[in-house]
Structure formats: structure tokens, C-alpha cells
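Let me begin by presenting the structure, written as C-alpha cells, before commenting on it.
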Amino acid sequence: MPPPILTLTTDFGLSDHYVGTMKGVILGICPPAQLVDISHHVTPFEIAEGAYLIAQAYRYFPRKTVHLVVVDPGVGSARRPILMEAAGQYFVAPDNGVLSMVFSREKHKIRLISNDRYFLHPVSRTFHGRDIFAPVAAHLAAGVAPARIGKLISDYLRPGFEKPQRTGKHTWLGRILKIDHFGNIVTNFHVDDFPDLERRDFSMAIGAVETGSLLHTYAECASGEMFVIAGSSGYLEVSVSQGSAAGRIGCQTGASAELMVR
């Protein structure tokens, strides 16, 4: 049997002990686990960015992979821990919408993580990644059946950040889901929702900066030119050739983006 695969996506960064500690918990429970880091540089507290990242990655992993997603500004509050079964894989996360971009695309079942037999004790009020999410994910990777973790629920959180809101006959208000390493600005405008954009007169505005140029590749324009491109994720991105669009505009993840199509 191949070793179980367990991925980690967090906003913890790598300068502290948090990620390493969770990996230690996992390996203590499931020593053969193959650990894969999706990202630990989610912008702190940005649930939508975490949702975007895991939604881009999960489909490339084999069945039975366990995905641990901890972007959890509500840790210690009444928010619940959940386990989702979708696409033949498992997802362990807080019930705050961080899994919404997966369950909006896949048939799924969601369970409340309630069986504290699979927690570390005592449970800290501030580090559920170590005491709840990591051990539950590890037990799943080790073969514990999801039904033993908790009962099915239907009242999980369904946030609306994935889809832009129509604000007028020709305008939509969206948001920045992610700013990547190159400074490309990933918006929540999906190309499937605007299939004829390249044949229309349009403008994308972020802050006081706007562009109405849609390109197919980064090499179609001169260095320093700003444009819109359909990224590999399927979402429209604002980019600068051989430069940082986010740096030029001065924007951050979670900021608004407006699309006007005439």
C-alpha cells in the first residue's frame, strides 16, 4: 500500500513553530504519512484566499488524500470544526467557508468533528490546528472511518465571496482572491461567467487604476504594460508584463475589484 498523503494549507507562515508542531502531531499518530505543503503563506485571516488555494490544488491529488486547511480567525469562538468528504478525498477545516470553493463544485458530505477521542488533550483555546485539526486529519490518514469522527450536518456556512455581485446593468463588484508571488492579482471574476469578454469593450478597475486590455499570454505586450489575462485557475487576473501589478496599484488581498462590460 502506498503511504497516505496529507496536505497542509495555513496562514501560519514559517517563522514560528506552528507548522512544524502540527507535522509532529500528525507523524506521531500516522508515521507513514507523506506530508505535502500547499501553502503556509495565506494572508493572515483571509479565508477567501485559503479557499482559493485549496480549490486550485485538491483535484491534482489521488483519492483518499487528506487535506488539512487551517485559516481560522475564529479559533476559540463558537465556530465549529468540520470534516468534508468530496471528490473521493477528505478535508479537515474550521466551519468558516474555507472549504466553500470545493463544495460548490463537488458532491460532498460534511460532518461535525465532535468525537474528542481523536483530539489532543487538553485542547488549547488558541491552537486548534495542533489539538483538533491535525490529530483528526492524522487519524483519517491512518484509516479511521469518517463516521467515527462525527455526525453529518447540513447547516454549515456557505459564504458568498466566491461570486461577484452585479451592481448595475453593465457592472459587477468583485474582490481580490489572491496576489501571487509575481504580483499578479487574481480576482473572483471567472472566465466562464464572461465568455465573450475579448469581443466586448470592458474595463477592470482596482482602486484608482483600470485596464481594458485582455491578453492570452504574458509575452503579448511590452515590459511594464498592464493587462487582464485568464489565469490557469480560470479566474481573470490583472498583471503587469515582467512586473508586479499589486505593487503598482498598491492593493491587498480582499480588496474590491470592479468589472464594467459595455
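Going through the C-alpha cells in order, the chains are called A, B, and so on, while each chain numbers its residues from 1 and the ligands are numbered from 1 in the order shown.
Contact shell of Ser104 of chain A at 10 Å (only C-alpha atoms; same-chain neighbours under 3 positions omitted): A:Ala55, A:Leu99, A:Ser100, A:Met101, A:Lys107, A:His108, A:Arg158, A:Glu162.
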For Ala48 of chain A, please output as a list in words all residues within 8 Å (counting only C-alpha atoms; exclusion window: fewer than 2 positions along the same chain).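 My reading of the contact set: Glu46, Gly50, Ala51, Tyr52, Gly97, Val98, Phe161, Glu162, Leu177 and Gly254 of chain A.
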Can you tell me, as a list in words, what residues are no more than 8 Å from segment 60-64 of chain A when counting only C-alpha atoms, ignoring any on the same chain fewer than 2 positions away? Pro4, Ile5, Ala57, Tyr58, Val66, Ala87, Gly88, Gln89, Tyr90 and Ala141 of chain A
Output the selection as a PDB file, in the first residue's frame - all heavy atoms for each residue.
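File selection-v2.pdb, as written:
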ATOM      1  N   PRO A   4      -0.127   7.066   3.064  1.00  0.00           N
ATOM      2  CA  PRO A   4      -1.206   8.054   2.955  1.00  0.00           C
ATOM      3  C   PRO A   4      -0.633   9.450   2.723  1.00  0.00           C
ATOM      4  O   PRO A   4       0.453   9.778   3.213  1.00  0.00           O
ATOM      5  CB  PRO A   4      -1.903   7.960   4.311  1.00  0.00           C
ATOM      6  CG  PRO A   4      -0.887   7.382   5.236  1.00  0.00           C
ATOM      7  CD  PRO A   4      -0.033   6.479   4.402  1.00  0.00           C
ATOM      8  N   ILE A   5      -1.374  10.247   1.968  1.00  0.00           N
ATOM      9  CA  ILE A   5      -0.942  11.618   1.659  1.00  0.00           C
ATOM     10  C   ILE A   5      -1.786  12.590   2.479  1.00  0.00           C
ATOM     11  O   ILE A   5      -3.017  12.471   2.538  1.00  0.00           O
ATOM     12  CB  ILE A   5      -1.090  11.919   0.164  1.00  0.00           C
ATOM     13  CG1 ILE A   5      -0.201  10.983  -0.662  1.00  0.00           C
ATOM     14  CG2 ILE A   5      -0.740  13.378  -0.133  1.00  0.00           C
ATOM     15  CD1 ILE A   5      -0.433  11.089  -2.151  1.00  0.00           C
ATOM     16  N   ALA A  57      -5.761  23.244  -5.756  1.00  0.00           N
ATOM     17  CA  ALA A  57      -4.812  22.143  -5.581  1.00  0.00           C
ATOM     18  C   ALA A  57      -5.441  20.762  -5.464  1.00  0.00           C
ATOM     19  O   ALA A  57      -4.869  19.771  -5.942  1.00  0.00           O
ATOM     20  CB  ALA A  57      -3.952  22.407  -4.342  1.00  0.00           C
ATOM     21  N   TYR A  58      -6.601  20.647  -4.817  1.00  0.00           N
ATOM     22  CA  TYR A  58      -7.092  19.321  -4.409  1.00  0.00           C
ATOM     23  C   TYR A  58      -7.281  18.360  -5.566  1.00  0.00           C
ATOM     24  O   TYR A  58      -7.034  17.145  -5.436  1.00  0.00           O
ATOM     25  CB  TYR A  58      -8.403  19.459  -3.628  1.00  0.00           C
ATOM     26  CG  TYR A  58      -9.627  19.669  -4.489  1.00  0.00           C
ATOM     27  CD1 TYR A  58     -10.388  18.601  -4.940  1.00  0.00           C
ATOM     28  CD2 TYR A  58     -10.013  20.950  -4.871  1.00  0.00           C
ATOM     29  CE1 TYR A  58     -11.510  18.801  -5.736  1.00  0.00           C
ATOM     30  CE2 TYR A  58     -11.118  21.160  -5.666  1.00  0.00           C
ATOM     31  CZ  TYR A  58     -11.868  20.080  -6.096  1.00  0.00           C
ATOM     32  OH  TYR A  58     -12.965  20.280  -6.908  1.00  0.00           O
ATOM     33  N   VAL A  66      -5.877  13.362   2.424  1.00  0.00           N
ATOM     34  CA  VAL A  66      -6.462  14.164   3.496  1.00  0.00           C
ATOM     35  C   VAL A  66      -5.892  15.582   3.401  1.00  0.00           C
ATOM     36  O   VAL A  66      -4.671  15.763   3.404  1.00  0.00           O
ATOM     37  CB  VAL A  66      -6.139  13.564   4.879  1.00  0.00           C
ATOM     38  CG1 VAL A  66      -6.751  14.430   5.990  1.00  0.00           C
ATOM     39  CG2 VAL A  66      -6.654  12.130   4.978  1.00  0.00           C
ATOM     40  N   ALA A  87     -14.973  14.500  -3.757  1.00  0.00           N
ATOM     41  CA  ALA A  87     -14.040  14.081  -4.809  1.00  0.00           C
ATOM     42  C   ALA A  87     -13.194  12.890  -4.367  1.00  0.00           C
ATOM     43  O   ALA A  87     -12.046  12.750  -4.790  1.00  0.00           O
ATOM     44  CB  ALA A  87     -13.153  15.251  -5.241  1.00  0.00           C
ATOM     45  N   GLY A  88     -13.736  12.044  -3.497  1.00  0.00           N
ATOM     46  CA  GLY A  88     -13.001  10.885  -3.024  1.00  0.00           C
ATOM     47  C   GLY A  88     -11.897  11.222  -2.051  1.00  0.00           C
ATOM     48  O   GLY A  88     -11.025  10.389  -1.778  1.00  0.00           O
ATOM     49  N   GLN A  89     -11.905  12.451  -1.513  1.00  0.00           N
ATOM     50  CA  GLN A  89     -10.869  12.911  -0.603  1.00  0.00           C
ATOM     51  C   GLN A  89     -11.504  13.457   0.674  1.00  0.00           C
ATOM     52  O   GLN A  89     -12.728  13.597   0.762  1.00  0.00           O
ATOM     53  CB  GLN A  89     -10.022  13.991  -1.289  1.00  0.00           C
ATOM     54  CG  GLN A  89      -9.390  13.534  -2.593  1.00  0.00           C
ATOM     55  CD  GLN A  89      -8.633  14.638  -3.307  1.00  0.00           C
ATOM     56  OE1 GLN A  89      -7.898  15.399  -2.691  1.00  0.00           O
ATOM     57  NE2 GLN A  89      -8.814  14.748  -4.609  1.00  0.00           N
ATOM     58  N   TYR A  90     -10.654  13.758   1.653  1.00  0.00           N
ATOM     59  CA  TYR A  90     -11.115  14.280   2.935  1.00  0.00           C
ATOM     60  C   TYR A  90     -10.533  15.671   3.164  1.00  0.00           C
ATOM     61  O   TYR A  90      -9.378  15.944   2.814  1.00  0.00           O
ATOM     62  CB  TYR A  90     -10.675  13.362   4.075  1.00  0.00           C
ATOM     63  CG  TYR A  90     -11.113  11.928   3.927  1.00  0.00           C
ATOM     64  CD1 TYR A  90     -10.175  10.901   3.880  1.00  0.00           C
ATOM     65  CD2 TYR A  90     -12.461  11.583   3.819  1.00  0.00           C
ATOM     66  CE1 TYR A  90     -10.562   9.576   3.747  1.00  0.00           C
ATOM     67  CE2 TYR A  90     -12.865  10.264   3.681  1.00  0.00           C
ATOM     68  CZ  TYR A  90     -11.909   9.268   3.638  1.00  0.00           C
ATOM     69  OH  TYR A  90     -12.303   7.956   3.489  1.00  0.00           O
ATOM     70  N   ALA A 141      -5.993   9.775   7.947  1.00  0.00           N
ATOM     71  CA  ALA A 141      -4.927   9.238   7.101  1.00  0.00           C
ATOM     72  C   ALA A 141      -4.547   7.822   7.534  1.00  0.00           C
ATOM     73  O   ALA A 141      -4.153   6.992   6.706  1.00  0.00           O
ATOM     74  CB  ALA A 141      -3.707  10.152   7.142  1.00  0.00           C
TER      75      ALA A 141
END
Considering only C-alpha atoms, can you say which of A:Val240, A:Leu14, A:Val92, A:Ala142 comes closest to Ile26 of chain A? A:Ala142
Could you pull out the helix (DSSP H, G or I) residues of segment 58-191 of chain A, going by DSSP on the backbone, and write them as an MDAnalysis selection string? chainID A and resid 58:60 100:103 116:118 128:141 146:148 191
Running DSSP on the backbone, which parts of segment 175-252 of chain A land in strand (DSSP E or B), as a VMD selection string? chain A and resid 175 to 179 185 to 190 202 to 206 209 to 211 214 to 215 226 to 230 235 to 240 243
Per residue of segment 157-178 of chain A within 10 Å of segment 194-216 of chain A, what are the shortest atom pair and its distance in Å to one decimal, counting only C-alpha atoms, with rows by chain and residue number, as CSV?
residue,atom,partner,partner_atom,distance
A:His170,CA,A:Phe202,CA,9.3
A:Thr171,CA,A:Phe202,CA,9.7
A:Trp172,CA,A:Met204,CA,9.8
A:Leu173,CA,A:Ala205,CA,9.7
A:Gly174,CA,A:Ile206,CA,9.8
A:Arg175,CA,A:Ile206,CA,9.0
A:Ile176,CA,A:Ile206,CA,9.0
Kindly export the residues of the current selection with all heavy atoms, as a PDB file, in the first residue's frame.
ATOM      1  N   HIS A 170     -24.328  46.948 -16.452  1.00  0.00           N
ATOM      2  CA  HIS A 170     -23.062  46.587 -17.089  1.00  0.00           C
ATOM      3  C   HIS A 170     -21.910  46.429 -16.098  1.00  0.00           C
ATOM      4  O   HIS A 170     -20.764  46.332 -16.516  1.00  0.00           O
ATOM      5  CB  HIS A 170     -22.679  47.668 -18.119  1.00  0.00           C
ATOM      6  CG  HIS A 170     -23.704  47.882 -19.180  1.00  0.00           C
ATOM      7  ND1 HIS A 170     -23.955  46.962 -20.173  1.00  0.00           N
ATOM      8  CD2 HIS A 170     -24.562  48.919 -19.394  1.00  0.00           C
ATOM      9  CE1 HIS A 170     -24.912  47.420 -20.964  1.00  0.00           C
ATOM     10  NE2 HIS A 170     -25.304  48.601 -20.518  1.00  0.00           N
ATOM     11  N   THR A 171     -22.194  46.438 -14.798  1.00  0.00           N
ATOM     12  CA  THR A 171     -21.119  46.431 -13.817  1.00  0.00           C
ATOM     13  C   THR A 171     -21.276  45.326 -12.780  1.00  0.00           C
ATOM     14  O   THR A 171     -22.391  44.958 -12.405  1.00  0.00           O
ATOM     15  CB  THR A 171     -21.032  47.785 -13.091  1.00  0.00           C
ATOM     16  OG1 THR A 171     -22.294  48.058 -12.456  1.00  0.00           O
ATOM     17  CG2 THR A 171     -20.692  48.900 -14.066  1.00  0.00           C
ATOM     18  N   TRP A 172     -20.129  44.815 -12.324  1.00  0.00           N
ATOM     19  CA  TRP A 172     -20.068  43.801 -11.273  1.00  0.00           C
ATOM     20  C   TRP A 172     -18.993  44.209 -10.276  1.00  0.00           C
ATOM     21  O   TRP A 172     -17.920  44.705 -10.664  1.00  0.00           O
ATOM     22  CB  TRP A 172     -19.705  42.436 -11.840  1.00  0.00           C
ATOM     23  CG  TRP A 172     -20.761  41.799 -12.677  1.00  0.00           C
ATOM     24  CD1 TRP A 172     -21.663  40.845 -12.305  1.00  0.00           C
ATOM     25  CD2 TRP A 172     -21.021  42.066 -14.066  1.00  0.00           C
ATOM     26  NE1 TRP A 172     -22.468  40.496 -13.368  1.00  0.00           N
ATOM     27  CE2 TRP A 172     -22.101  41.236 -14.456  1.00  0.00           C
ATOM     28  CE3 TRP A 172     -20.452  42.930 -15.008  1.00  0.00           C
ATOM     29  CZ2 TRP A 172     -22.602  41.228 -15.752  1.00  0.00           C
ATOM     30  CZ3 TRP A 172     -20.957  42.941 -16.286  1.00  0.00           C
ATOM     31  CH2 TRP A 172     -22.025  42.095 -16.656  1.00  0.00           C
ATOM     32  N   LEU A 173     -19.265  43.970  -9.007  1.00  0.00           N
ATOM     33  CA  LEU A 173     -18.288  44.239  -7.961  1.00  0.00           C
ATOM     34  C   LEU A 173     -17.754  42.910  -7.430  1.00  0.00           C
ATOM     35  O   LEU A 173     -18.522  42.066  -6.946  1.00  0.00           O
ATOM     36  CB  LEU A 173     -18.909  45.039  -6.819  1.00  0.00           C
ATOM     37  CG  LEU A 173     -17.943  45.454  -5.697  1.00  0.00           C
ATOM     38  CD1 LEU A 173     -16.894  46.425  -6.234  1.00  0.00           C
ATOM     39  CD2 LEU A 173     -18.723  46.081  -4.536  1.00  0.00           C
ATOM     40  N   GLY A 174     -16.453  42.723  -7.545  1.00  0.00           N
ATOM     41  CA  GLY A 174     -15.829  41.500  -7.065  1.00  0.00           C
ATOM     42  C   GLY A 174     -14.771  41.807  -6.033  1.00  0.00           C
ATOM     43  O   GLY A 174     -14.768  42.877  -5.417  1.00  0.00           O
ATOM     44  N   ARG A 175     -13.846  40.855  -5.857  1.00  0.00           N
ATOM     45  CA  ARG A 175     -12.802  41.032  -4.861  1.00  0.00           C
ATOM     46  C   ARG A 175     -11.532  40.343  -5.306  1.00  0.00           C
ATOM     47  O   ARG A 175     -11.550  39.488  -6.211  1.00  0.00           O
ATOM     48  CB  ARG A 175     -13.244  40.476  -3.501  1.00  0.00           C
ATOM     49  CG  ARG A 175     -13.488  38.987  -3.488  1.00  0.00           C
ATOM     50  CD  ARG A 175     -13.883  38.499  -2.112  1.00  0.00           C
ATOM     51  NE  ARG A 175     -12.776  38.576  -1.171  1.00  0.00           N
ATOM     52  CZ  ARG A 175     -12.913  38.611   0.148  1.00  0.00           C
ATOM     53  NH1 ARG A 175     -14.117  38.641   0.681  1.00  0.00           N
ATOM     54  NH2 ARG A 175     -11.858  38.645   0.933  1.00  0.00           N
ATOM     55  N   ILE A 176     -10.444  40.694  -4.690  1.00  0.00           N
ATOM     56  CA  ILE A 176      -9.167  40.049  -4.951  1.00  0.00           C
ATOM     57  C   ILE A 176      -9.080  38.798  -4.089  1.00  0.00           C
ATOM     58  O   ILE A 176      -9.146  38.875  -2.855  1.00  0.00           O
ATOM     59  CB  ILE A 176      -7.996  40.994  -4.636  1.00  0.00           C
ATOM     60  CG1 ILE A 176      -8.050  42.225  -5.549  1.00  0.00           C
ATOM     61  CG2 ILE A 176      -6.661  40.276  -4.790  1.00  0.00           C
ATOM     62  CD1 ILE A 176      -7.047  43.299  -5.160  1.00  0.00           C
TER      63      ILE A 176
END
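Nearest residue to Leu6 of chain A among A:Ala134, A:Val102, A:Val19, A:Ala93 is A:Ala134, counting only C-alpha atoms.
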What's the separation between atom CA of Val75 of chain A and atom CA of Pro94 of chain A, in Å to one decimal place?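 According to the coordinates, atom CA of Val75 of chain A and atom CA of Pro94 of chain A are separated by 8.3 Å.
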Within 8 Å of segment 229-232 of chain A, counting only C-alpha atoms, which residues show up once you throw out same-chain ones fewer than 4 positions away? Write them as a VMD selection string, please. chain A and resid 186 191 214 to 217 236 to 239
Dump as a CSV table (one decimal), in the first residue's frame, selection limited to N, CA, C and O atoms:
chain,number,residue,atom,x,y,z
A,186,VAL,N,-5.3,38.0,-8.6
A,186,VAL,CA,-6.3,37.1,-9.0
A,186,VAL,C,-7.7,37.6,-8.5
A,186,VAL,O,-7.8,37.7,-7.2
A,191,VAL,N,-13.8,33.2,-15.9
A,191,VAL,CA,-13.9,33.4,-17.3
A,191,VAL,C,-15.2,32.7,-17.8
A,191,VAL,O,-15.8,33.2,-18.9
A,214,LEU,N,-7.2,42.8,-22.8
A,214,LEU,CA,-7.3,41.4,-22.5
A,214,LEU,C,-6.3,40.6,-23.4
A,214,LEU,O,-6.4,40.7,-24.6
A,215,LEU,N,-5.3,39.9,-22.8
A,215,LEU,CA,-4.3,39.2,-23.5
A,215,LEU,C,-4.4,37.7,-23.2
A,215,LEU,O,-5.0,37.3,-22.2
A,216,HIS,N,-3.8,36.9,-24.1
A,216,HIS,CA,-3.8,35.5,-23.9
A,216,HIS,C,-2.5,34.9,-23.2
A,216,HIS,O,-2.5,33.9,-22.6
A,217,THR,N,-1.4,35.7,-23.4
A,217,THR,CA,-0.1,35.3,-22.8
A,217,THR,C,0.6,36.5,-22.2
A,217,THR,O,0.3,37.6,-22.6
A,236,LEU,N,-10.0,35.7,-13.9
A,236,LEU,CA,-9.4,36.9,-14.5
A,236,LEU,C,-8.4,37.5,-13.5
A,236,LEU,O,-8.6,37.6,-12.4
A,237,GLU,N,-7.2,37.7,-14.1
A,237,GLU,CA,-6.1,38.3,-13.3
A,237,GLU,C,-5.6,39.6,-13.9
A,237,GLU,O,-5.7,39.8,-15.1
A,238,VAL,N,-5.3,40.5,-13.1
A,238,VAL,CA,-4.6,41.8,-13.5
A,238,VAL,C,-3.1,41.6,-13.3
A,238,VAL,O,-2.7,41.3,-12.3
A,239,SER,N,-2.4,41.8,-14.4
A,239,SER,CA,-1.0,41.6,-14.4
A,239,SER,C,-0.2,42.7,-15.1
A,239,SER,O,-0.8,43.5,-15.8
Residue contacts of segment 180-182 of chain A (12 Å, only C-alpha atoms) excluding same-chain residues fewer than 5 positions away, as a PyMOL selection string: chain A and resi 39+41-43+49+52-53+187+218+231+237-248+252-253
Interatomic distance between atom CA of Gln165 of chain A and atom CA of Arg105 of chain A?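 Distance reported for this atom pair: 19.0 Å.
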Please provide the set of residues having any atom within 12 Å of Lys169 of chain A, restricted to only C-alpha atoms, with same-chain residues fewer than 5 positions apart removed, written as a ChimeraX atom specification. /A:259-262
Mind writing the picked residues with N, CA and C atoms as a PDB file, in the first residue's frame?
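Here's the written file again.pdb:
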ATOM      1  N   LEU A 259     -15.676  45.297 -12.451  1.00  0.00           N
ATOM      2  CA  LEU A 259     -15.649  44.980 -13.878  1.00  0.00           C
ATOM      3  C   LEU A 259     -16.823  45.664 -14.551  1.00  0.00           C
ATOM      4  N   MET A 260     -16.531  46.389 -15.631  1.00  0.00           N
ATOM      5  CA  MET A 260     -17.579  47.020 -16.444  1.00  0.00           C
ATOM      6  C   MET A 260     -17.487  46.452 -17.856  1.00  0.00           C
ATOM      7  N   VAL A 261     -18.598  45.929 -18.355  1.00  0.00           N
ATOM      8  CA  VAL A 261     -18.663  45.353 -19.696  1.00  0.00           C
ATOM      9  C   VAL A 261     -19.734  46.090 -20.470  1.00  0.00           C
ATOM     10  N   ARG A 262     -19.332  46.724 -21.564  1.00  0.00           N
ATOM     11  CA  ARG A 262     -20.283  47.556 -22.315  1.00  0.00           C
ATOM     12  C   ARG A 262     -20.801  46.783 -23.525  1.00  0.00           C
TER      13      ARG A 262
END
For Val71 of chain A: contacts at 7 Å, only C-alpha atoms, fewer than 5 positions along chain excluded, given as an mmCIF file with all heavy atoms, in the first residue's frame:
data_model
loop_
_atom_site.group_PDB
_atom_site.id
_atom_site.type_symbol
_atom_site.label_atom_id
_atom_site.label_comp_id
_atom_site.auth_asym_id
_atom_site.auth_seq_id
_atom_site.Cartn_x
_atom_site.Cartn_y
_atom_site.Cartn_z
ATOM 1 N N THR A 10 -2.192 26.688 5.434
ATOM 2 C CA THR A 10 -2.422 27.528 6.609
ATOM 3 C C THR A 10 -2.003 28.967 6.336
ATOM 4 O O THR A 10 -1.356 29.266 5.334
ATOM 5 C CB THR A 10 -1.608 27.036 7.832
ATOM 6 O OG1 THR A 10 -0.238 27.437 7.694
ATOM 7 C CG2 THR A 10 -1.670 25.529 7.999
ATOM 8 N N ASP A 11 -2.332 29.828 7.282
ATOM 9 C CA ASP A 11 -1.833 31.206 7.262
ATOM 10 C C ASP A 11 -0.791 31.411 8.357
ATOM 11 O O ASP A 11 -0.544 32.532 8.793
ATOM 12 C CB ASP A 11 -2.979 32.215 7.411
ATOM 13 C CG ASP A 11 -3.757 32.065 8.710
ATOM 14 O OD1 ASP A 11 -3.535 31.074 9.445
ATOM 15 O OD2 ASP A 11 -4.612 32.941 9.017
ATOM 16 N N PHE A 45 -5.673 35.559 8.201
ATOM 17 C CA PHE A 45 -7.109 35.713 8.412
ATOM 18 C C PHE A 45 -7.927 35.775 7.122
ATOM 19 O O PHE A 45 -9.153 35.909 7.187
ATOM 20 C CB PHE A 45 -7.433 36.954 9.260
ATOM 21 C CG PHE A 45 -6.475 37.180 10.396
ATOM 22 C CD1 PHE A 45 -5.753 38.362 10.492
ATOM 23 C CD2 PHE A 45 -6.281 36.207 11.363
ATOM 24 C CE1 PHE A 45 -4.856 38.573 11.524
ATOM 25 C CE2 PHE A 45 -5.388 36.409 12.402
ATOM 26 C CZ PHE A 45 -4.673 37.588 12.488
ATOM 27 N N ILE A 47 -9.816 34.165 4.734
ATOM 28 C CA ILE A 47 -10.485 32.886 4.492
ATOM 29 C C ILE A 47 -10.676 32.639 2.999
ATOM 30 O O ILE A 47 -10.472 31.526 2.511
ATOM 31 C CB ILE A 47 -11.838 32.858 5.231
ATOM 32 C CG1 ILE A 47 -11.605 32.890 6.747
ATOM 33 C CG2 ILE A 47 -12.654 31.635 4.841
ATOM 34 C CD1 ILE A 47 -12.860 33.160 7.545
ATOM 35 N N GLY A 50 -7.512 31.316 1.394
ATOM 36 C CA GLY A 50 -7.322 29.909 1.709
ATOM 37 C C GLY A 50 -8.251 29.023 0.910
ATOM 38 O O GLY A 50 -7.849 27.955 0.421
#
